[in-house]
Amino acid sequence: MKLKGRKIVGGNAEGELIVSQKPLSFLGGVDPETGIVTDAESDIRGRSIAGKILAFPRGKGSTVGSYVIYALKKNGKAPKAIIVGEAETIVATGAIISGIPMVDGIDVTKLRSGVRVKVDADRGEVEIPKSGE
């Protein structure tokens, strides 16, 4: 199954999904040293986003969240790609300055943690293998 969205930052990635059904705050919500989600309101609290394909409906919180995403990248703890329902300035800027492929306009309720997906951000597509549907 292919889900069609919109390219925010180009590139390709493949890997395991980690999906939050709640908005995510990077400032104070993700530890830039470890990649562990610390946001008390998050449904993926305590889990690592490092090296995963991160999906969530939208970002929330301070504009400094963009720099947290950048710090994650510099520390080798960033997600391989970001999938969001609605790109807002904080997450988009963070993905841009970090060179993390990002697609928006994807219904994240159709995604499940643990499934391997391919992200072709250049085309704005997320491909879920049949076994992951």
# chains A, B, ... in the order shown; residues from 1 in each chain; ligands from 1

$ select_by_dssp --residues "chain A" --states "helix (DSSP H, G or I)" --output "list in words"
Gly65, Ser66, Tyr67, Val68, Ile69, Tyr70, Ala71, Leu72, Lys73, Lys74, Thr89, Ile90, Val91, Ala92, Thr93, Gly94, Ala95, Ile96, Ile97, Ser98, Val108, Thr109, Lys110, Lys130, Ser131 and Gly132 of chain A

$ residues_around --residues "range 55-69 of chain A" --least-positions-apart "4" --cutoff "8 Å" --atoms "only C-alpha atoms" --output "VMD selection string"
chain A and resid 17 to 27 30 32 73 78 82 to 95 98 107 to 108 111

$ write_last_selection --atoms "N, CA, C and O atoms" --output "short mmCIF file (atom, residue, chain, number, x, y, z; two decimals), in the first residue's frame"
data_model
loop_
_atom_site.label_atom_id
_atom_site.label_comp_id
_atom_site.auth_asym_id
_atom_site.auth_seq_id
_atom_site.Cartn_x
_atom_site.Cartn_y
_atom_site.Cartn_z
N LEU A 17 8.89 1.66 11.76
CA LEU A 17 8.06 2.78 12.19
C LEU A 17 7.96 2.85 13.71
O LEU A 17 7.88 1.83 14.38
N ILE A 18 7.96 4.07 14.22
CA ILE A 18 7.51 4.34 15.58
C ILE A 18 6.45 5.41 15.43
O ILE A 18 6.70 6.48 14.87
N VAL A 19 5.23 5.09 15.86
CA VAL A 19 4.07 5.94 15.58
C VAL A 19 3.45 6.45 16.88
O VAL A 19 3.14 5.68 17.78
N SER A 20 3.27 7.76 16.93
CA SER A 20 2.52 8.38 18.00
C SER A 20 1.21 8.89 17.42
O SER A 20 1.20 9.50 16.35
N GLN A 21 0.13 8.66 18.11
CA GLN A 21 -1.16 9.19 17.67
C GLN A 21 -1.44 10.55 18.28
O GLN A 21 -2.48 11.15 18.04
N LYS A 22 -0.46 11.06 19.06
CA LYS A 22 -0.60 12.36 19.71
C LYS A 22 0.46 13.32 19.18
O LYS A 22 1.54 12.90 18.80
N PRO A 23 0.17 14.62 19.19
CA PRO A 23 1.19 15.61 18.80
C PRO A 23 2.43 15.45 19.68
O PRO A 23 2.34 15.04 20.84
N LEU A 24 3.59 15.78 19.11
CA LEU A 24 4.85 15.58 19.81
C LEU A 24 5.59 16.89 19.99
O LEU A 24 5.73 17.67 19.04
N SER A 25 6.07 17.13 21.20
CA SER A 25 6.91 18.28 21.50
C SER A 25 8.36 17.80 21.56
O SER A 25 8.67 16.84 22.26
N PHE A 26 9.24 18.45 20.82
CA PHE A 26 10.65 18.09 20.86
C PHE A 26 11.37 18.77 22.01
O PHE A 26 12.18 18.15 22.68
N LEU A 27 11.06 20.05 22.28
CA LEU A 27 11.70 20.74 23.39
C LEU A 27 11.12 20.22 24.70
O LEU A 27 9.94 20.40 24.99
N VAL A 30 11.75 15.25 23.93
CA VAL A 30 12.66 14.25 23.39
C VAL A 30 14.07 14.59 23.88
O VAL A 30 14.51 15.73 23.76
N PRO A 32 17.72 14.94 23.45
CA PRO A 32 18.59 15.01 22.28
C PRO A 32 19.86 14.17 22.40
O PRO A 32 20.52 13.88 21.41
N LYS A 73 20.19 14.93 15.37
CA LYS A 73 20.97 14.56 14.17
C LYS A 73 22.46 14.60 14.48
O LYS A 73 23.20 13.66 14.14
N ALA A 78 18.84 10.85 15.68
CA ALA A 78 17.68 11.34 14.93
C ALA A 78 16.93 10.19 14.26
O ALA A 78 17.50 9.13 14.00
N ILE A 82 10.78 11.51 8.86
CA ILE A 82 9.64 11.98 9.65
C ILE A 82 8.41 12.00 8.75
O ILE A 82 8.45 12.52 7.63
N ILE A 83 7.33 11.44 9.28
CA ILE A 83 6.03 11.44 8.60
C ILE A 83 5.05 12.14 9.53
O ILE A 83 4.94 11.77 10.70
N VAL A 84 4.36 13.16 9.01
CA VAL A 84 3.38 13.86 9.84
C VAL A 84 2.08 14.05 9.07
O VAL A 84 2.06 14.08 7.85
N GLY A 85 1.02 14.18 9.84
CA GLY A 85 -0.27 14.51 9.24
C GLY A 85 -0.27 15.94 8.75
O GLY A 85 -0.74 16.24 7.65
N GLU A 86 0.27 16.83 9.58
CA GLU A 86 0.28 18.26 9.27
C GLU A 86 1.64 18.85 9.63
O GLU A 86 2.01 18.89 10.81
N ALA A 87 2.38 19.27 8.63
CA ALA A 87 3.69 19.89 8.89
C ALA A 87 3.46 21.30 9.41
O ALA A 87 2.72 22.08 8.83
N GLU A 88 4.08 21.59 10.54
CA GLU A 88 4.07 22.96 11.03
C GLU A 88 5.52 23.42 11.09
O GLU A 88 6.45 22.65 10.90
N THR A 89 5.72 24.69 11.32
CA THR A 89 7.02 25.34 11.18
C THR A 89 8.12 24.71 12.02
O THR A 89 9.24 24.53 11.54
N ILE A 90 7.82 24.35 13.26
CA ILE A 90 8.86 23.84 14.17
C ILE A 90 9.49 22.56 13.62
O ILE A 90 10.71 22.46 13.48
N VAL A 91 8.66 21.56 13.33
CA VAL A 91 9.18 20.28 12.86
C VAL A 91 9.77 20.41 11.45
O VAL A 91 10.83 19.86 11.17
N ALA A 92 9.10 21.16 10.58
CA ALA A 92 9.62 21.33 9.21
C ALA A 92 11.00 21.98 9.23
O ALA A 92 11.92 21.51 8.55
N THR A 93 11.16 23.02 10.02
CA THR A 93 12.46 23.69 10.11
C THR A 93 13.52 22.75 10.66
O THR A 93 14.64 22.69 10.14
N GLY A 94 13.19 22.00 11.68
CA GLY A 94 14.13 21.03 12.24
C GLY A 94 14.56 20.00 11.22
O GLY A 94 15.74 19.65 11.12
N ALA A 95 13.61 19.48 10.45
CA ALA A 95 13.94 18.49 9.42
C ALA A 95 14.80 19.11 8.33
O ALA A 95 15.76 18.49 7.85
N SER A 98 18.37 19.73 9.47
CA SER A 98 19.03 18.46 9.80
C SER A 98 19.15 17.51 8.60
O SER A 98 19.78 16.47 8.71
N ASP A 107 -2.13 10.27 6.76
CA ASP A 107 -3.01 9.90 7.87
C ASP A 107 -2.27 8.89 8.75
O ASP A 107 -2.20 7.71 8.42
N VAL A 108 -1.71 9.37 9.85
CA VAL A 108 -0.89 8.50 10.70
C VAL A 108 -1.71 7.43 11.42
O VAL A 108 -1.13 6.47 11.93
N LEU A 111 -0.96 3.97 10.23
CA LEU A 111 0.38 3.44 10.45
C LEU A 111 0.47 2.77 11.82
O LEU A 111 -0.20 3.19 12.76
#

$ select_by_dssp --residues "range 77-119 of chain A" --states "strand (DSSP E)" --output "list in words"
Ala81, Ile82, Ile83, Val84, Met102, Val103, Asp104, Arg116, Val117, Lys118 and Val119 of chain A

$ residues_around --residues "Val119 in chain A" --least-positions-apart "6" --cutoff "10 Å" --atoms "only C-alpha atoms" --output "PyMOL selection string"
chain A and resi 2-3+10-15+53+80-83+101-103+125-128

$ write_last_selection --atoms "C-alpha atoms" --output "mmCIF file, in the first residue's frame"
data_model
loop_
_atom_site.group_PDB
_atom_site.id
_atom_site.type_symbol
_atom_site.label_atom_id
_atom_site.label_comp_id
_atom_site.auth_asym_id
_atom_site.auth_seq_id
_atom_site.Cartn_x
_atom_site.Cartn_y
_atom_site.Cartn_z
ATOM 1 C CA LYS A 2 1.265 3.481 -0.860
ATOM 2 C CA LEU A 3 0.159 6.567 1.018
ATOM 3 C CA GLY A 10 13.536 15.291 0.018
ATOM 4 C CA GLY A 11 15.327 12.010 0.403
ATOM 5 C CA ASN A 12 14.665 8.338 0.946
ATOM 6 C CA ALA A 13 14.671 6.119 4.006
ATOM 7 C CA GLU A 14 13.621 2.645 4.966
ATOM 8 C CA GLY A 15 13.119 1.259 8.415
ATOM 9 C CA ILE A 53 10.875 6.272 10.869
ATOM 10 C CA LYS A 80 15.745 8.265 9.585
ATOM 11 C CA ALA A 81 12.645 10.095 8.307
ATOM 12 C CA ILE A 82 9.640 11.983 9.647
ATOM 13 C CA ILE A 83 6.030 11.436 8.601
ATOM 14 C CA PRO A 101 13.507 13.340 4.827
ATOM 15 C CA MET A 102 10.007 14.510 5.736
ATOM 16 C CA VAL A 103 6.548 13.954 4.275
ATOM 17 C CA GLU A 125 5.139 8.671 -0.674
ATOM 18 C CA VAL A 126 5.143 6.167 2.161
ATOM 19 C CA GLU A 127 5.100 2.525 1.104
ATOM 20 C CA ILE A 128 3.856 -0.138 3.485
#

$ residues_around --residues "Gly35 in chain A" --least-positions-apart "4" --cutoff "7 Å" --atoms "only C-alpha atoms" --output "PyMOL selection string"
chain A and resi 30-31+48-50+72+77-78

$ write_last_selection --atoms "C-alpha atoms" --output "compact mmCIF listing (two decimals), in the first residue's frame"
# COMPACT_ATOMS: atom_id res chain seq x y z
CA VAL A 30 12.66 14.25 23.39
CA ASP A 31 16.11 13.82 24.94
CA SER A 48 13.65 5.71 21.28
CA ILE A 49 13.15 7.44 17.93
CA ALA A 50 16.83 6.98 16.98
CA LEU A 72 19.38 14.68 17.63
CA LYS A 77 20.00 9.89 17.58
CA ALA A 78 17.68 11.34 14.93

$ residues_around --residues "Glu16 in chain A" --least-positions-apart "5" --cutoff "8 Å" --atoms "only C-alpha atoms" --output "mmCIF file with C-alpha atoms, in the first residue's frame"
data_model
loop_
_atom_site.group_PDB
_atom_site.id
_atom_site.type_symbol
_atom_site.label_atom_id
_atom_site.label_comp_id
_atom_site.auth_asym_id
_atom_site.auth_seq_id
_atom_site.Cartn_x
_atom_site.Cartn_y
_atom_site.Cartn_z
ATOM 1 C CA LYS A 52 13.468 4.773 13.205
ATOM 2 C CA ILE A 53 10.875 6.272 10.869
ATOM 3 C CA SER A 113 4.676 0.925 15.208
ATOM 4 C CA GLY A 114 7.027 -1.941 14.407
ATOM 5 C CA VAL A 115 6.129 -2.156 10.715
ATOM 6 C CA ARG A 116 8.935 -1.588 8.195
ATOM 7 C CA VAL A 117 8.178 1.104 5.617
#

$ closest_residue --among "A:Ala71, A:Gly99, A:Arg6, A:Asp104" --to "Asp122 in chain A" --atoms "only C-alpha atoms"
A:Arg6

$ atom_distance --atom1 "CA of Ile106 in chain A" --atom2 "CA of Pro79 in chain A"
17.0 Å

$ closest_residue --among "A:Gly105, A:Gly76, A:Gly28, A:Pro129" --to "Lys4 in chain A" --atoms "only C-alpha atoms"
A:Gly105

$ atom_distance --atom1 "CA of Lys118 in chain A" --atom2 "CA of Glu41 in chain A"
28.0 Å

$ decode --residues "range 63-91 of chain A" --atoms "N, CA and C atoms" --output "JSON list (two decimals), in the first residue's frame"
[["chain", "number", "residue", "atom", "x", "y", "z"],
["A", 63, "THR", "N", 9.57, 26.95, 19.46],
["A", 63, "THR", "CA", 10.38, 26.96, 18.23],
["A", 63, "THR", "C", 11.76, 26.38, 18.46],
["A", 64, "VAL", "N", 12.20, 26.31, 19.70],
["A", 64, "VAL", "CA", 13.50, 25.70, 20.01],
["A", 64, "VAL", "C", 13.47, 24.20, 19.68],
["A", 65, "GLY", "N", 12.29, 23.64, 19.52],
["A", 65, "GLY", "CA", 12.16, 22.24, 19.11],
["A", 65, "GLY", "C", 12.91, 21.93, 17.83],
["A", 66, "SER", "N", 13.01, 22.92, 16.92],
["A", 66, "SER", "CA", 13.77, 22.74, 15.67],
["A", 66, "SER", "C", 15.22, 22.42, 15.97],
["A", 67, "TYR", "N", 15.77, 23.08, 16.98],
["A", 67, "TYR", "CA", 17.16, 22.86, 17.34],
["A", 67, "TYR", "C", 17.35, 21.55, 18.08],
["A", 68, "VAL", "N", 16.32, 21.07, 18.75],
["A", 68, "VAL", "CA", 16.39, 19.74, 19.37],
["A", 68, "VAL", "C", 16.49, 18.68, 18.28],
["A", 69, "ILE", "N", 15.73, 18.83, 17.21],
["A", 69, "ILE", "CA", 15.82, 17.90, 16.08],
["A", 69, "ILE", "C", 17.24, 17.94, 15.50],
["A", 70, "TYR", "N", 17.78, 19.14, 15.35],
["A", 70, "TYR", "CA", 19.15, 19.29, 14.85],
["A", 70, "TYR", "C", 20.16, 18.62, 15.80],
["A", 71, "ALA", "N", 19.98, 18.80, 17.10],
["A", 71, "ALA", "CA", 20.86, 18.15, 18.09],
["A", 71, "ALA", "C", 20.76, 16.64, 18.01],
["A", 72, "LEU", "N", 19.55, 16.12, 17.81],
["A", 72, "LEU", "CA", 19.38, 14.68, 17.63],
["A", 72, "LEU", "C", 20.23, 14.19, 16.45],
["A", 73, "LYS", "N", 20.19, 14.93, 15.37],
["A", 73, "LYS", "CA", 20.97, 14.56, 14.17],
["A", 73, "LYS", "C", 22.46, 14.60, 14.48],
["A", 74, "LYS", "N", 22.94, 15.68, 15.09],
["A", 74, "LYS", "CA", 24.36, 15.81, 15.41],
["A", 74, "LYS", "C", 24.83, 14.71, 16.37],
["A", 75, "ASN", "N", 23.95, 14.24, 17.24],
["A", 75, "ASN", "CA", 24.28, 13.22, 18.22],
["A", 75, "ASN", "C", 24.06, 11.79, 17.71],
["A", 76, "GLY", "N", 23.64, 11.67, 16.44],
["A", 76, "GLY", "CA", 23.40, 10.34, 15.88],
["A", 76, "GLY", "C", 22.18, 9.65, 16.45],
["A", 77, "LYS", "N", 21.21, 10.43, 16.95],
["A", 77, "LYS", "CA", 20.00, 9.89, 17.58],
["A", 77, "LYS", "C", 18.72, 10.31, 16.87],
["A", 78, "ALA", "N", 18.84, 10.85, 15.68],
["A", 78, "ALA", "CA", 17.68, 11.34, 14.93],
["A", 78, "ALA", "C", 16.93, 10.19, 14.26],
["A", 79, "PRO", "N", 15.66, 10.43, 13.95],
["A", 79, "PRO", "CA", 14.94, 9.45, 13.13],
["A", 79, "PRO", "C", 15.49, 9.48, 11.70],
["A", 80, "LYS", "N", 15.32, 8.35, 10.99],
["A", 80, "LYS", "CA", 15.74, 8.27, 9.59],
["A", 80, "LYS", "C", 14.87, 9.14, 8.69],
["A", 81, "ALA", "N", 13.60, 9.28, 9.05],
["A", 81, "ALA", "CA", 12.64, 10.09, 8.31],
["A", 81, "ALA", "C", 11.52, 10.47, 9.25],
["A", 82, "ILE", "N", 10.78, 11.51, 8.86],
["A", 82, "ILE", "CA", 9.64, 11.98, 9.65],
["A", 82, "ILE", "C", 8.41, 12.00, 8.75],
["A", 83, "ILE", "N", 7.33, 11.44, 9.28],
["A", 83, "ILE", "CA", 6.03, 11.44, 8.60],
["A", 83, "ILE", "C", 5.05, 12.14, 9.53],
["A", 84, "VAL", "N", 4.36, 13.16, 9.01],
["A", 84, "VAL", "CA", 3.38, 13.86, 9.84],
["A", 84, "VAL", "C", 2.08, 14.05, 9.07],
["A", 85, "GLY", "N", 1.02, 14.18, 9.84],
["A", 85, "GLY", "CA", -0.27, 14.51, 9.24],
["A", 85, "GLY", "C", -0.27, 15.94, 8.75],
["A", 86, "GLU", "N", 0.27, 16.83, 9.58],
["A", 86, "GLU", "CA", 0.28, 18.26, 9.27],
["A", 86, "GLU", "C", 1.64, 18.85, 9.63],
["A", 87, "ALA", "N", 2.38, 19.27, 8.63],
["A", 87, "ALA", "CA", 3.69, 19.89, 8.89],
["A", 87, "ALA", "C", 3.46, 21.30, 9.41],
["A", 88, "GLU", "N", 4.08, 21.59, 10.54],
["A", 88, "GLU", "CA", 4.07, 22.96, 11.03],
["A", 88, "GLU", "C", 5.52, 23.42, 11.09],
["A", 89, "THR", "N", 5.72, 24.69, 11.32],
["A", 89, "THR", "CA", 7.02, 25.34, 11.18],
["A", 89, "THR", "C", 8.12, 24.71, 12.02],
["A", 90, "ILE", "N", 7.82, 24.35, 13.26],
["A", 90, "ILE", "CA", 8.86, 23.84, 14.17],
["A", 90, "ILE", "C", 9.49, 22.56, 13.62],
["A", 91, "VAL", "N", 8.66, 21.56, 13.33],
["A", 91, "VAL", "CA", 9.18, 20.28, 12.86],
["A", 91, "VAL", "C", 9.77, 20.41, 11.45]]
